[in-house]
Amino acid sequence: MNHHYDKIIRLLLPAAFLLPIAVCIILATRISLLENRIAGREAVEALGSRESRLVQLSWYDENVYPALEAGEVPSFAEGYEGADLAEYIPQDDGAPRDNVIASAEGLTYAADTESDGIHRVYLTFDDGPSIYTDDILDILAEYNVKATFFVVGRENTASYARYLRIVEEGHTLGMHSYSHVYNEIYASPESFAQDTQRIRSLLEDVTGQTPVFYRFPGGSSNDVSSTDMRELADYLESQGIIYFDWNVSSGDAGRVPLTSDQIVRNALSGIETRDTTVILFHDTAAKRATVYALPQIIEALQAMDNVEILPITYDTAVVHHDIGM
Ligand code: ZN
């Protein structure tokens, strides 16, 4: 009998120690999630009005990003952690492209299936949040337009606030990897999965919503991945994540910075020749011209017949580059 009690006590003792520890760990995790969310909210408040943000912005412009000579590459663009130099696709003059955006680069996208006469346009911003996210959001609000932000992982209160603002103002918050470091995320299927889970749980923690849309850094047709992109696409599908490429590049991530006018021309090329247009823009500290181009682009689109500007949702026709699926 004694021996029997001994056994029970021996079994119960570790549980009596471990259970409170486990509860503490779970509670601590919850507290840290809530703290993140509160920090984001406080930061939203701290950002203040559009006027005060613009003052901060002009300070940045003058002190951090001095005026460039024509064609000069800003020094901060070199090696900038969010730079997407591989995503630059030269644009032509806007002639219809027959489902091929740049055959020289081997990039194609799926043909639109059915047409209801509406040209749907999706403005997508990669690499944020940045010092320009709030200006982009202000412009979108001014024109009552919803867009899609494919963001990377940035763990500071200003970024938390921007993730939250994107969601709360009705835009789609998508993932663009946590680190955006090609040779890390594309090193193996495991490292890709790890990076994806990291950005997913960060956005979940901060916004309380699970992101379901993804854009591969460099696009699915990138030639920097040492892992088969089809395998990574399958992984996303297994996680219930839908990836989107683009079929129009604004060209705002080129080696040579474009003017706002050039970005406007690229973004608007061939809109009426497609049912679905997904335009690639960038939301980074190096992409001020994109912010200046945005109002013109939206006004031009809103003036076109049968054109709708929409955020990416489950209803959006998927635009993929050809990776031989
Ligand atoms: Zn990117």
# chains A, B, ... in the order shown; residues from 1 in each chain; ligands from 1
>>> select_by_dssp(residues="stretch 142-282 of chain A", states="strand (DSSP E)", output="PyMOL selection string")
chain A and resi 148-151+172-175+213-214+242-243+248-249+276-282
>>> write_last_selection(atoms="N, CA, C and O atoms", output="PDB file, in the first residue's frame")
ATOM      1  N   THR A 148      -2.982  47.159 -50.663  1.00  0.00           N
ATOM      2  CA  THR A 148      -2.404  45.971 -50.025  1.00  0.00           C
ATOM      3  C   THR A 148      -0.955  46.261 -49.672  1.00  0.00           C
ATOM      4  O   THR A 148      -0.207  46.773 -50.502  1.00  0.00           O
ATOM      5  N   PHE A 149      -0.583  45.949 -48.435  1.00  0.00           N
ATOM      6  CA  PHE A 149       0.793  46.166 -47.973  1.00  0.00           C
ATOM      7  C   PHE A 149       1.426  44.816 -47.664  1.00  0.00           C
ATOM      8  O   PHE A 149       0.942  44.087 -46.802  1.00  0.00           O
ATOM      9  N   PHE A 150       2.494  44.473 -48.402  1.00  0.00           N
ATOM     10  CA  PHE A 150       3.255  43.269 -48.095  1.00  0.00           C
ATOM     11  C   PHE A 150       4.455  43.699 -47.258  1.00  0.00           C
ATOM     12  O   PHE A 150       5.412  44.275 -47.782  1.00  0.00           O
ATOM     13  N   VAL A 151       4.347  43.428 -45.953  1.00  0.00           N
ATOM     14  CA  VAL A 151       5.311  44.012 -45.019  1.00  0.00           C
ATOM     15  C   VAL A 151       6.351  43.002 -44.548  1.00  0.00           C
ATOM     16  O   VAL A 151       6.144  41.786 -44.622  1.00  0.00           O
ATOM     17  N   THR A 172      -5.373  45.595 -46.855  1.00  0.00           N
ATOM     18  CA  THR A 172      -4.949  44.218 -46.649  1.00  0.00           C
ATOM     19  C   THR A 172      -3.495  44.217 -46.190  1.00  0.00           C
ATOM     20  O   THR A 172      -2.636  44.815 -46.833  1.00  0.00           O
ATOM     21  N   LEU A 173      -3.257  43.546 -45.059  1.00  0.00           N
ATOM     22  CA  LEU A 173      -1.897  43.414 -44.531  1.00  0.00           C
ATOM     23  C   LEU A 173      -1.372  42.040 -44.917  1.00  0.00           C
ATOM     24  O   LEU A 173      -1.829  41.027 -44.394  1.00  0.00           O
ATOM     25  N   GLY A 174      -0.446  42.014 -45.870  1.00  0.00           N
ATOM     26  CA  GLY A 174       0.136  40.755 -46.318  1.00  0.00           C
ATOM     27  C   GLY A 174       1.573  40.630 -45.845  1.00  0.00           C
ATOM     28  O   GLY A 174       2.159  41.598 -45.345  1.00  0.00           O
ATOM     29  N   MET A 175       2.131  39.427 -46.026  1.00  0.00           N
ATOM     30  CA  MET A 175       3.501  39.155 -45.564  1.00  0.00           C
ATOM     31  C   MET A 175       4.484  39.227 -46.729  1.00  0.00           C
ATOM     32  O   MET A 175       4.154  38.879 -47.858  1.00  0.00           O
ATOM     33  N   PHE A 213      -2.065  36.498 -46.987  1.00  0.00           N
ATOM     34  CA  PHE A 213      -1.488  36.759 -48.309  1.00  0.00           C
ATOM     35  C   PHE A 213       0.018  36.986 -48.183  1.00  0.00           C
ATOM     36  O   PHE A 213       0.504  37.507 -47.183  1.00  0.00           O
ATOM     37  N   TYR A 214       0.742  36.572 -49.220  1.00  0.00           N
ATOM     38  CA  TYR A 214       2.203  36.593 -49.168  1.00  0.00           C
ATOM     39  C   TYR A 214       2.757  37.055 -50.506  1.00  0.00           C
ATOM     40  O   TYR A 214       2.200  36.731 -51.558  1.00  0.00           O
ATOM     41  N   ILE A 242      -1.904  32.411 -49.488  1.00  0.00           N
ATOM     42  CA  ILE A 242      -1.994  32.627 -50.937  1.00  0.00           C
ATOM     43  C   ILE A 242      -0.935  33.651 -51.337  1.00  0.00           C
ATOM     44  O   ILE A 242      -0.880  34.733 -50.756  1.00  0.00           O
ATOM     45  N   TYR A 243      -0.093  33.302 -52.310  1.00  0.00           N
ATOM     46  CA  TYR A 243       0.920  34.284 -52.704  1.00  0.00           C
ATOM     47  C   TYR A 243       0.510  35.023 -53.969  1.00  0.00           C
ATOM     48  O   TYR A 243      -0.210  34.492 -54.797  1.00  0.00           O
ATOM     49  N   VAL A 248       2.397  44.388 -63.209  1.00  0.00           N
ATOM     50  CA  VAL A 248       2.926  45.695 -63.606  1.00  0.00           C
ATOM     51  C   VAL A 248       3.886  46.151 -62.512  1.00  0.00           C
ATOM     52  O   VAL A 248       3.554  46.098 -61.331  1.00  0.00           O
ATOM     53  N   SER A 249       5.075  46.556 -62.923  1.00  0.00           N
ATOM     54  CA  SER A 249       5.999  47.137 -61.952  1.00  0.00           C
ATOM     55  C   SER A 249       6.035  48.642 -62.147  1.00  0.00           C
ATOM     56  O   SER A 249       6.166  49.119 -63.271  1.00  0.00           O
ATOM     57  N   THR A 276      -7.318  42.192 -64.631  1.00  0.00           N
ATOM     58  CA  THR A 276      -6.708  42.284 -63.303  1.00  0.00           C
ATOM     59  C   THR A 276      -5.302  42.857 -63.427  1.00  0.00           C
ATOM     60  O   THR A 276      -4.487  42.325 -64.171  1.00  0.00           O
ATOM     61  N   THR A 277      -5.057  43.935 -62.730  1.00  0.00           N
ATOM     62  CA  THR A 277      -3.724  44.530 -62.730  1.00  0.00           C
ATOM     63  C   THR A 277      -3.236  44.622 -61.292  1.00  0.00           C
ATOM     64  O   THR A 277      -3.889  45.236 -60.448  1.00  0.00           O
ATOM     65  N   VAL A 278      -2.131  43.974 -61.022  1.00  0.00           N
ATOM     66  CA  VAL A 278      -1.512  44.083 -59.698  1.00  0.00           C
ATOM     67  C   VAL A 278      -0.223  44.880 -59.871  1.00  0.00           C
ATOM     68  O   VAL A 278       0.701  44.434 -60.553  1.00  0.00           O
ATOM     69  N   ILE A 279      -0.210  46.085 -59.294  1.00  0.00           N
ATOM     70  CA  ILE A 279       0.936  46.983 -59.499  1.00  0.00           C
ATOM     71  C   ILE A 279       1.882  46.909 -58.306  1.00  0.00           C
ATOM     72  O   ILE A 279       1.458  46.990 -57.159  1.00  0.00           O
ATOM     73  N   LEU A 280       3.153  46.736 -58.616  1.00  0.00           N
ATOM     74  CA  LEU A 280       4.190  46.672 -57.575  1.00  0.00           C
ATOM     75  C   LEU A 280       4.760  48.060 -57.278  1.00  0.00           C
ATOM     76  O   LEU A 280       5.280  48.732 -58.170  1.00  0.00           O
ATOM     77  N   PHE A 281       4.604  48.472 -56.010  1.00  0.00           N
ATOM     78  CA  PHE A 281       5.258  49.684 -55.520  1.00  0.00           C
ATOM     79  C   PHE A 281       6.100  49.290 -54.305  1.00  0.00           C
ATOM     80  O   PHE A 281       5.997  48.168 -53.809  1.00  0.00           O
ATOM     81  N   HIS A 282       6.875  50.229 -53.817  1.00  0.00           N
ATOM     82  CA  HIS A 282       7.644  49.979 -52.600  1.00  0.00           C
ATOM     83  C   HIS A 282       7.398  51.058 -51.564  1.00  0.00           C
ATOM     84  O   HIS A 282       7.264  52.230 -51.904  1.00  0.00           O
TER      85      HIS A 282
END
>>> residues_near_ligand(ligand="ligand 1", cutoff="6 Å", atoms="only C-alpha atoms and all ligand atoms", output="JSON, numbers by chain")
{"A": [84, 126, 127, 217, 218]}
>>> write_last_selection(atoms="C-alpha atoms", output="short mmCIF file (atom, residue, chain, number, x, y, z; two decimals), in the first residue's frame")
data_model
loop_
_atom_site.label_atom_id
_atom_site.label_comp_id
_atom_site.auth_asym_id
_atom_site.auth_seq_id
_atom_site.Cartn_x
_atom_site.Cartn_y
_atom_site.Cartn_z
CA ASP A 84 14.43 45.08 -53.84
CA ASP A 126 6.31 45.97 -50.57
CA ASP A 127 9.02 46.22 -47.92
CA PRO A 217 10.91 38.75 -51.79
CA GLY A 218 12.10 39.14 -55.38
#
>>> atom_distance(atom1="atom CA of A:Val291", atom2="atom CA of A:Ile309")
17.0 Å
>>> atom_distance(atom1="atom CA of A:Asp275", atom2="atom CA of A:Ser115")
6.4 Å
>>> closest_residue(among="A:Asn222, A:Thr290, A:Gln239, A:Ser179", to="A:Asp135", atoms="only C-alpha atoms")
A:Thr290
>>> atom_distance(atom1="atom CA of A:Thr207", atom2="atom CA of A:Leu164")
5.5 Å
>>> residues_around(residues="A:Pro311", least_positions_apart="6", cutoff="8 Å", atoms="only C-alpha atoms", output="list of chain:residue names")
A:Tyr122, A:Leu123, A:Lys146, A:Ala147, A:Thr148, A:His171, A:Thr172
>>> closest_residue(among="A:Thr133, A:Thr29, A:Thr284, A:Thr227", to="A:Ser191", atoms="only C-alpha atoms")
A:Thr227
>>> decode(residues="stretch 292-306 of chain A", atoms="all heavy atoms", output="short mmCIF file (atom, residue, chain, number, x, y, z; two decimals), in the first residue's frame")
data_model
loop_
_atom_site.label_atom_id
_atom_site.label_comp_id
_atom_site.auth_asym_id
_atom_site.auth_seq_id
_atom_site.Cartn_x
_atom_site.Cartn_y
_atom_site.Cartn_z
N TYR A 292 5.05 60.68 -53.92
CA TYR A 292 4.63 61.83 -54.73
C TYR A 292 3.83 61.40 -55.97
O TYR A 292 3.01 62.15 -56.46
CB TYR A 292 5.87 62.64 -55.15
CG TYR A 292 6.51 63.37 -53.99
CD1 TYR A 292 7.89 63.52 -53.91
CD2 TYR A 292 5.74 63.90 -52.96
CE1 TYR A 292 8.48 64.18 -52.84
CE2 TYR A 292 6.32 64.55 -51.89
CZ TYR A 292 7.69 64.69 -51.83
OH TYR A 292 8.26 65.34 -50.77
N ALA A 293 4.12 60.20 -56.47
CA ALA A 293 3.43 59.73 -57.68
C ALA A 293 2.01 59.24 -57.36
O ALA A 293 1.12 59.28 -58.23
CB ALA A 293 4.22 58.58 -58.31
N LEU A 294 1.79 58.81 -56.13
CA LEU A 294 0.55 58.10 -55.79
C LEU A 294 -0.74 58.90 -56.07
O LEU A 294 -1.66 58.35 -56.69
CB LEU A 294 0.63 57.63 -54.34
CG LEU A 294 -0.42 56.63 -53.88
CD1 LEU A 294 -0.42 55.39 -54.76
CD2 LEU A 294 -0.16 56.24 -52.43
N PRO A 295 -0.83 60.17 -55.66
CA PRO A 295 -2.08 60.89 -55.92
C PRO A 295 -2.41 60.96 -57.42
O PRO A 295 -3.56 60.76 -57.81
CB PRO A 295 -1.81 62.29 -55.36
CG PRO A 295 -0.76 62.08 -54.32
CD PRO A 295 0.10 60.98 -54.85
N GLN A 296 -1.39 61.19 -58.23
CA GLN A 296 -1.62 61.27 -59.69
C GLN A 296 -2.13 59.93 -60.23
O GLN A 296 -3.00 59.89 -61.09
CB GLN A 296 -0.31 61.58 -60.40
CG GLN A 296 0.12 63.03 -60.33
CD GLN A 296 1.35 63.22 -61.21
OE1 GLN A 296 1.26 63.18 -62.42
NE2 GLN A 296 2.50 63.37 -60.56
N ILE A 297 -1.53 58.85 -59.74
CA ILE A 297 -1.92 57.52 -60.21
C ILE A 297 -3.38 57.24 -59.84
O ILE A 297 -4.18 56.80 -60.67
CB ILE A 297 -0.99 56.43 -59.61
CG1 ILE A 297 0.42 56.58 -60.19
CG2 ILE A 297 -1.54 55.03 -59.85
CD1 ILE A 297 1.49 55.80 -59.46
N ILE A 298 -3.74 57.54 -58.60
CA ILE A 298 -5.11 57.27 -58.15
C ILE A 298 -6.10 58.15 -58.92
O ILE A 298 -7.14 57.66 -59.37
CB ILE A 298 -5.24 57.50 -56.62
CG1 ILE A 298 -4.38 56.48 -55.87
CG2 ILE A 298 -6.69 57.39 -56.19
CD1 ILE A 298 -4.28 56.74 -54.38
N GLU A 299 -5.77 59.42 -59.08
CA GLU A 299 -6.69 60.30 -59.81
C GLU A 299 -6.89 59.81 -61.24
O GLU A 299 -8.02 59.82 -61.75
CB GLU A 299 -6.15 61.74 -59.81
CG GLU A 299 -6.42 62.44 -58.50
CD GLU A 299 -5.80 63.84 -58.44
OE1 GLU A 299 -5.68 64.50 -59.51
OE2 GLU A 299 -5.43 64.28 -57.33
N ALA A 300 -5.82 59.39 -61.89
CA ALA A 300 -5.94 58.89 -63.27
C ALA A 300 -6.80 57.63 -63.31
O ALA A 300 -7.66 57.49 -64.18
CB ALA A 300 -4.55 58.61 -63.85
N LEU A 301 -6.59 56.73 -62.35
CA LEU A 301 -7.38 55.48 -62.34
C LEU A 301 -8.85 55.79 -62.06
O LEU A 301 -9.74 55.19 -62.68
CB LEU A 301 -6.82 54.53 -61.26
CG LEU A 301 -5.46 53.90 -61.55
CD1 LEU A 301 -4.94 53.16 -60.33
CD2 LEU A 301 -5.54 52.94 -62.75
N GLN A 302 -9.09 56.71 -61.14
CA GLN A 302 -10.49 57.02 -60.80
C GLN A 302 -11.20 57.73 -61.95
O GLN A 302 -12.43 57.72 -62.03
CB GLN A 302 -10.55 57.86 -59.52
CG GLN A 302 -10.19 57.02 -58.29
CD GLN A 302 -10.28 57.76 -56.96
OE1 GLN A 302 -10.11 58.98 -56.92
NE2 GLN A 302 -10.54 57.03 -55.88
N ALA A 303 -10.44 58.33 -62.85
CA ALA A 303 -11.04 59.00 -64.00
C ALA A 303 -11.33 58.04 -65.14
O ALA A 303 -12.04 58.39 -66.09
CB ALA A 303 -10.12 60.12 -64.48
N MET A 304 -10.79 56.81 -65.07
CA MET A 304 -11.00 55.84 -66.16
C MET A 304 -12.35 55.15 -66.00
O MET A 304 -12.84 54.94 -64.89
CB MET A 304 -9.90 54.77 -66.13
CG MET A 304 -8.53 55.26 -66.53
SD MET A 304 -7.34 53.89 -66.45
CE MET A 304 -5.80 54.80 -66.59
N ASP A 305 -12.92 54.77 -67.15
CA ASP A 305 -14.20 54.04 -67.13
C ASP A 305 -13.98 52.59 -66.72
O ASP A 305 -13.00 51.97 -67.14
CB ASP A 305 -14.83 54.07 -68.52
CG ASP A 305 -15.37 55.45 -68.85
OD1 ASP A 305 -15.71 56.17 -67.89
OD2 ASP A 305 -15.42 55.80 -70.03
N ASN A 306 -14.91 52.06 -65.94
CA ASN A 306 -14.90 50.64 -65.57
C ASN A 306 -13.61 50.19 -64.89
O ASN A 306 -13.17 49.06 -65.08
CB ASN A 306 -15.16 49.76 -66.81
CG ASN A 306 -16.47 50.10 -67.46
OD1 ASN A 306 -17.47 50.33 -66.78
ND2 ASN A 306 -16.48 50.18 -68.79
#
